[in-house]
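Novice: Dropping in query-v5.cif, which is mmCIF, C-alpha atoms:
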```cif
data_protein
loop_
_atom_site.label_atom_id
_atom_site.label_comp_id
_atom_site.auth_asym_id
_atom_site.auth_seq_id
_atom_site.Cartn_x
_atom_site.Cartn_y
_atom_site.Cartn_z
CA MET A 1 84.53 30.84 81.32
CA TYR A 2 83.11 32.81 78.39
CA GLY A 3 84.69 31.55 75.18
CA TYR A 4 85.23 28.00 76.35
CA LYS A 5 83.39 24.78 77.08
CA ILE A 6 84.60 22.12 79.50
CA ILE A 7 84.39 18.67 77.91
CA ASN A 8 85.66 15.60 79.76
CA GLY A 9 87.60 17.85 82.12
CA LYS A 10 89.34 19.75 79.32
CA ALA A 11 88.78 23.31 78.13
CA VAL A 12 87.89 23.57 74.46
CA ILE A 13 87.09 26.69 72.46
CA ASP A 14 83.44 27.59 71.98
CA GLU A 15 83.65 28.72 68.37
CA GLN A 16 80.60 31.01 68.52
CA GLU A 17 81.68 32.82 71.68
CA ALA A 18 85.31 32.91 70.52
CA GLY A 19 84.19 34.67 67.34
CA ILE A 20 82.48 37.31 69.47
CA ILE A 21 85.60 37.76 71.60
CA ILE A 22 87.80 38.19 68.53
CA SER A 23 85.34 40.70 67.06
CA ILE A 24 85.26 42.71 70.31
CA PHE A 25 89.06 42.91 70.44
CA ASN A 26 89.35 43.90 66.80
CA GLY A 27 86.56 46.46 67.07
CA TYR A 28 88.07 48.04 70.16
CA ILE A 29 91.54 48.17 68.59
CA SER A 30 90.04 49.85 65.51
CA GLY A 31 88.76 52.70 67.67
CA LEU A 32 85.27 51.69 68.79
CA SER A 33 84.20 52.22 72.40
CA MET A 34 83.80 49.13 74.57
CA LYS A 35 80.00 49.08 74.25
CA ALA A 36 80.19 49.83 70.54
CA ALA A 37 82.70 47.01 70.00
CA ALA A 38 80.31 44.57 71.68
CA ALA A 39 77.33 45.87 69.72
CA ASN A 40 79.36 45.54 66.51
CA ALA A 41 79.99 41.91 67.48
CA GLY A 42 76.25 41.39 67.82
CA VAL A 43 76.11 41.08 71.61
CA PRO A 44 75.03 44.20 73.53
CA MET A 45 77.06 44.33 76.75
CA GLN A 46 77.64 46.78 79.56
CA HIS A 47 80.94 48.65 79.65
CA SER A 48 82.13 46.63 82.67
CA ALA A 49 81.45 43.27 80.97
CA VAL A 50 83.40 44.28 77.86
CA LYS A 51 86.27 45.54 79.98
CA ARG A 52 86.51 42.19 81.73
CA ILE A 53 86.82 40.48 78.37
CA LEU A 54 89.52 42.92 77.21
CA MET A 55 91.48 42.41 80.46
CA ARG A 56 91.24 38.61 80.44
CA ASP A 57 94.75 37.54 79.46
CA ILE A 58 93.66 33.93 79.64
CA TYR A 59 92.48 34.41 76.04
CA ILE A 60 96.10 34.37 74.83
CA GLY A 61 96.30 30.80 76.11
CA THR A 62 97.42 28.92 79.21
CA ASP A 63 98.34 25.34 79.98
CA TYR A 64 94.62 24.66 80.43
CA TYR A 65 92.86 27.14 78.15
CA PRO A 66 93.72 27.18 74.41
CA ALA A 67 94.42 30.57 72.82
CA ILE A 68 91.60 32.54 71.22
CA ILE A 69 93.56 35.69 70.35
CA SER A 70 97.24 36.41 69.78
CA ARG A 71 99.54 38.08 72.28
CA GLU A 72 99.93 40.94 69.82
CA THR A 73 96.16 41.50 69.71
CA PHE A 74 95.90 41.46 73.51
CA ALA A 75 98.85 43.88 73.81
CA LYS A 76 97.29 46.30 71.31
CA ALA A 77 93.93 46.27 73.12
CA THR A 78 95.64 46.76 76.49
CA GLY A 79 97.67 49.67 75.13
CA LYS A 80 94.53 51.26 73.68
CA ARG A 81 92.61 50.80 76.96
CA LEU A 82 95.36 52.31 79.12
CA HIS A 83 95.88 55.19 76.69
CA ARG A 84 92.17 56.06 76.82
CA ALA A 85 92.17 55.81 80.59
CA ASN A 86 95.11 58.20 80.75
CA GLN A 87 93.36 60.65 78.42
CA HIS A 88 90.37 60.72 80.75
CA GLY A 89 92.53 61.08 83.84
CA CYS A 90 91.45 57.76 85.28
CA GLU A 91 94.56 55.66 84.79
CA LYS A 92 94.53 54.70 88.46
CA ARG A 93 91.24 52.90 87.88
CA TYR A 94 93.09 50.46 85.61
CA THR A 95 96.06 49.88 87.88
CA ALA A 96 95.56 46.56 89.59
CA PRO A 97 95.80 46.92 93.38
CA PRO A 98 98.32 44.66 95.09
CA MET A 99 97.08 41.36 96.45
CA TYR A 100 98.75 40.16 99.61
CA CYS A 101 99.18 36.71 101.01
CA ALA A 102 97.57 36.32 104.42
CA ILE A 103 98.07 33.81 107.19
CA MET A 104 94.70 33.09 108.68
CA SER A 105 93.61 30.67 111.38
CA THR A 106 90.47 29.69 113.19
CA VAL A 107 90.33 29.75 116.97
CA SER A 108 88.49 27.43 119.32
CA SER A 109 88.92 26.10 122.84
CA MET A 110 91.14 23.43 121.32
CA ASN A 111 93.88 25.76 120.05
CA MET A 112 93.50 29.20 121.64
CA GLY A 113 96.53 28.53 123.82
CA ASP A 114 98.72 28.34 120.71
CA PHE A 115 97.99 31.89 119.59
CA PRO A 116 100.58 33.84 121.62
CA GLN A 117 103.36 31.84 119.94
CA MET A 118 101.62 32.08 116.56
CA ILE A 119 101.36 35.87 116.78
CA ASP A 120 105.03 36.13 117.74
CA LEU A 121 106.00 33.96 114.78
CA VAL A 122 104.08 35.95 112.14
CA ALA A 123 105.55 39.14 113.61
CA GLU A 124 109.06 37.69 113.46
CA LYS A 125 108.56 36.79 109.79
CA ASN A 126 106.83 40.09 108.98
CA VAL A 127 104.09 38.33 107.02
CA ASP A 128 101.77 40.59 105.02
CA VAL A 129 98.52 39.95 106.89
CA PHE A 130 97.47 37.92 109.91
CA ALA A 131 93.86 37.28 110.88
CA PHE A 132 91.70 34.75 112.64
CA GLY A 133 88.04 33.90 113.04
CA ARG A 134 86.09 31.73 115.45
CA TYR A 135 85.91 28.11 114.44
CA CYS A 136 82.61 26.96 112.96
CA SER A 137 82.12 23.25 113.58
CA THR A 138 81.00 20.99 110.75
CA SER A 139 77.91 18.83 110.80
CA ASP A 140 79.64 15.78 112.26
CA GLN A 141 81.25 17.65 115.13
CA LYS A 142 79.82 18.70 118.46
CA SER A 143 80.03 22.46 118.88
CA GLU A 144 80.49 22.17 122.64
CA GLU A 145 83.86 20.50 122.05
CA TYR A 146 85.15 23.73 120.52
CA HIS A 147 83.08 26.30 122.40
CA ILE A 148 84.69 29.34 124.02
CA GLU A 149 82.80 31.13 126.78
CA PRO A 150 82.11 34.81 125.97
CA THR A 151 84.26 36.17 128.81
CA ALA A 152 87.10 33.82 127.88
CA TYR A 153 86.93 35.01 124.28
CA ARG A 154 86.97 38.63 125.40
CA ASP A 155 90.14 37.90 127.41
CA PHE A 156 91.58 36.17 124.36
CA LEU A 157 90.95 39.26 122.20
CA ASP A 158 92.56 41.40 124.88
CA MET A 159 95.69 39.23 124.82
CA CYS A 160 95.86 39.36 121.03
CA TYR A 161 95.36 43.12 120.87
CA LYS A 162 98.12 43.81 123.39
CA ARG A 163 100.47 41.48 121.56
CA PHE A 164 99.62 43.14 118.22
CA GLN A 165 100.38 46.55 119.70
CA TYR A 166 103.66 45.34 121.20
CA HIS A 167 104.93 44.06 117.86
CA LYS A 168 103.77 47.15 115.96
CA ALA A 169 105.60 49.35 118.45
CA ASN A 170 108.75 47.34 117.77
CA GLY A 171 108.69 47.83 114.02
CA CYS A 172 106.60 44.89 112.85
CA THR A 173 105.09 45.58 109.41
CA THR A 174 102.42 42.86 109.56
CA THR A 175 98.83 44.03 109.17
CA PHE A 176 96.92 42.48 112.05
CA GLN A 177 93.43 42.41 110.66
CA TYR A 178 90.42 42.53 112.96
CA LYS A 179 88.38 40.10 110.92
CA ASP A 180 86.03 38.77 113.59
CA HIS A 181 83.18 41.26 114.02
CA LEU A 182 83.45 40.87 117.81
CA TRP A 183 86.64 42.90 117.51
CA THR A 184 84.36 45.90 117.02
CA LEU A 185 82.86 45.41 120.46
CA TYR A 186 86.29 45.02 122.03
CA LEU A 187 87.69 48.10 120.28
CA TYR A 188 84.58 50.06 121.27
CA GLU A 189 85.19 49.04 124.87
CA GLN A 190 88.79 50.26 124.57
CA GLY A 191 87.69 53.58 123.08
CA VAL A 192 89.43 52.83 119.77
CA PHE A 193 86.28 52.36 117.70
CA LYS A 194 83.83 55.24 117.88
CA ILE A 195 80.44 55.63 116.27
CA PRO A 196 80.37 58.97 114.37
CA GLU A 197 78.47 61.73 116.15
CA ASN A 198 76.40 62.45 113.04
CA HIS A 199 75.81 58.79 112.26
CA GLU A 200 73.08 57.66 109.91
CA PRO A 201 70.50 55.47 111.72
CA ASP A 202 70.32 52.83 108.97
CA LYS A 203 74.03 52.59 108.18
CA ILE A 204 76.33 49.79 109.35
CA TYR A 205 79.67 51.25 110.39
CA ASP A 206 81.59 48.08 111.11
CA GLY A 207 81.17 44.34 111.39
CA CYS A 208 82.16 41.13 109.64
CA HIS A 209 84.83 41.45 106.94
CA CYS A 210 83.57 38.65 104.67
CA GLY A 211 84.39 39.39 101.06
CA ILE A 212 86.79 42.17 102.09
CA GLY A 213 89.42 40.36 104.11
CA HIS A 214 88.87 36.80 103.05
CA MET A 215 87.05 34.34 100.85
CA THR A 216 86.49 30.59 101.13
CA ILE A 217 87.55 28.19 98.35
CA LEU A 218 86.13 24.68 98.43
CA PRO A 219 87.91 21.64 96.93
CA THR A 220 85.49 21.86 93.99
CA GLY A 221 86.81 25.34 93.20
CA ASP A 222 83.61 27.05 94.32
CA VAL A 223 84.33 30.40 95.98
CA TYR A 224 82.18 31.79 98.80
CA ALA A 225 82.36 35.20 100.43
CA CYS A 226 81.52 33.43 103.71
CA ARG A 227 81.46 29.74 104.55
CA ARG A 228 78.74 30.31 107.15
CA MET A 229 76.07 31.30 104.63
CA GLU A 230 75.02 30.72 101.03
CA SER A 231 77.25 33.25 99.29
CA LYS A 232 78.78 31.57 96.24
CA ILE A 233 80.33 34.07 93.83
CA GLY A 234 81.95 31.78 91.27
CA ASN A 235 84.49 29.04 90.68
CA VAL A 236 88.26 29.42 90.36
CA PHE A 237 88.31 26.87 87.54
CA ASP A 238 86.02 29.10 85.49
CA THR A 239 87.10 32.61 86.53
CA PRO A 240 90.53 33.93 87.60
CA MET A 241 90.84 34.65 91.32
CA TYR A 242 91.53 38.34 90.79
CA GLU A 243 88.34 38.77 88.77
CA LEU A 244 86.32 37.07 91.51
CA PHE A 245 87.86 39.30 94.17
CA VAL A 246 87.14 42.59 92.39
CA GLY A 247 83.96 41.48 90.61
CA ALA A 248 80.46 42.79 91.18
CA ASP A 249 79.17 39.51 92.69
CA LEU A 250 81.51 39.80 95.67
#
```
Can the structure in the file be given as structure tokens, please?
Specialist:
Amino acid sequence: MYGYKIINGKAVIDEQEAGIIISIFNGYISGLSMKAAAANAGVPMQHSAVKRILMRDIYIGTDYYPAIISRETFAKATGKRLHRANQHGCEKRYTAPPMYCAIMSTVSSMNMGDFPQMIDLVAEKNVDVFAFGRYCSTSDQKSEEYHIEPTAYRDFLDMCYKRFQYHKANGCTTTFQYKDHLWTLYLYEQGVFKIPENHEPDKIYDGCHCGIGHMTILPTGDVYACRRMESKIGNVFDTPMYELFVGADL
């Protein structure tokens, strides 16, 4: 995290970087643009990088991170930022989108029979989002123990889709997300997904929802867009989850 160093498991202030942060906040509050505030602090930065610093409320202090700026300073910078956004007619850009809590499971031959009851339960509780993906066995497991034959998985998707539609028709507000990219093939078969008539030959119109519908967090705090490939985007102990989700790396 910019502004801090981790020493013996504890966050301590990096005095040099903290001085830059304080200078950026003060410069922005005084009327400088974001890039100008960074340049005035002696560190040329892109607009987006400065904005992330100005939006990082962790700098007012948490149980883990000591404070670098005061709450008053952060409030003034936030007020200035939102006022400027409103002047330029882009206040929506600075309104954080809602983040929902999702119930997600993996499916394999070991547990696919549990899904009808699971779908009914999430519908009964009206959870925000429900999704599942095919189980990916780890290195010490035999994939054949969890394998689902293609036709059996197609039948499984058919069961899930019909159950989703039943609950939606009966007022369920849960978003049943079609995370697995094989949903696209099923929905194409059903006539629900259609390739645009004037489609571009090199454009992907649907597929895996990694980084859009889900992320993977390891016990170390490392965050991956997809656990099936090398796609690390950061660490939750260094960067707030919201910043990882909306950041450029994802």
Novice: Please identify all polymer residues within 12 Å of A:Ile204, counting all atoms listed in the file, omitting same-chain residues fewer than 6 positions from it, and present them as a list in words.
Specialist: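 Near neighbours after the sequence-gap exclusion: His181, Thr184, Ile195 and Pro196 of chain A.
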Novice: Go through A:Arg56, A:Asp222, A:His47, A:Leu250 and flag the residue nearest A:Phe237, using all atoms listed in the file for the distances.
Specialist: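 Under the stated criterion, the closest residue is A:Asp222.
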Novice: Determine, counting only C-alpha atoms, which protein, DNA and RNA residues have an atom within 7 Å of an atom of stretch 62-78 of chain A; residues of the same chain fewer than 4 positions away are not included. Present the result as JSON, numbers by chain.
Specialist: {"A": [11, 12, 13, 18, 22, 25, 28, 29, 54, 58, 82]}
Novice: Can you work out which one of A:Met215, A:Lys168, A:Asp128, A:Ser109 has the shortest atom-to-atom distance to A:Glu144, counting only C-alpha atoms?
Specialist: A:Ser109
Novice: Figure out the distance between atom CA of A:Glu17 and atom CA of A:Ala37, please, to one decimal in Å.
Specialist: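 One can read the atom CA of A:Ala37 to atom CA of A:Glu17 distance as 14.3 Å.
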Novice: Which value, in Å to one decimal, gives the distance between atom CA of A:Pro240 and atom CA of A:Ile217?
Specialist: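 Answer for the atom CA of A:Pro240 to atom CA of A:Ile217 separation: 12.5 Å.
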Novice: For this file, the PyMOL selection byres ((chain A and resi 224) around 12) selects which residues, as a ChimeraX atom specification?
Specialist: /A:210-212,214-223,225-236,241,244-245,249-250
Novice: Between A:Val192, A:Ala152, A:Ile21, A:Cys101, which one has atoms that come closest to A:Thr175, using all atoms listed in the file?
Specialist: A:Cys101
Novice: Which residue gives the smallest distance to A:Lys35 among A:Ile53, A:Val246, A:Asp180, A:Thr173, with all atoms listed in the file counted?
Specialist: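 Selected residue with least distance to A:Lys35: A:Ile53.
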Novice: Report the residues retrieved by the PyMOL selection byres ((chain A and resi 121) around 12) from the displayed file, expressed as a ChimeraX atom specification.
Specialist: /A:103,114-120,122-127,130,163-164,167,172,174
Novice: I'd like the interatomic distance between atom CA of A:Lys51 and atom CA of A:Gly9, to a tenth of an Å.
Specialist: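 The value is 27.8 Å.
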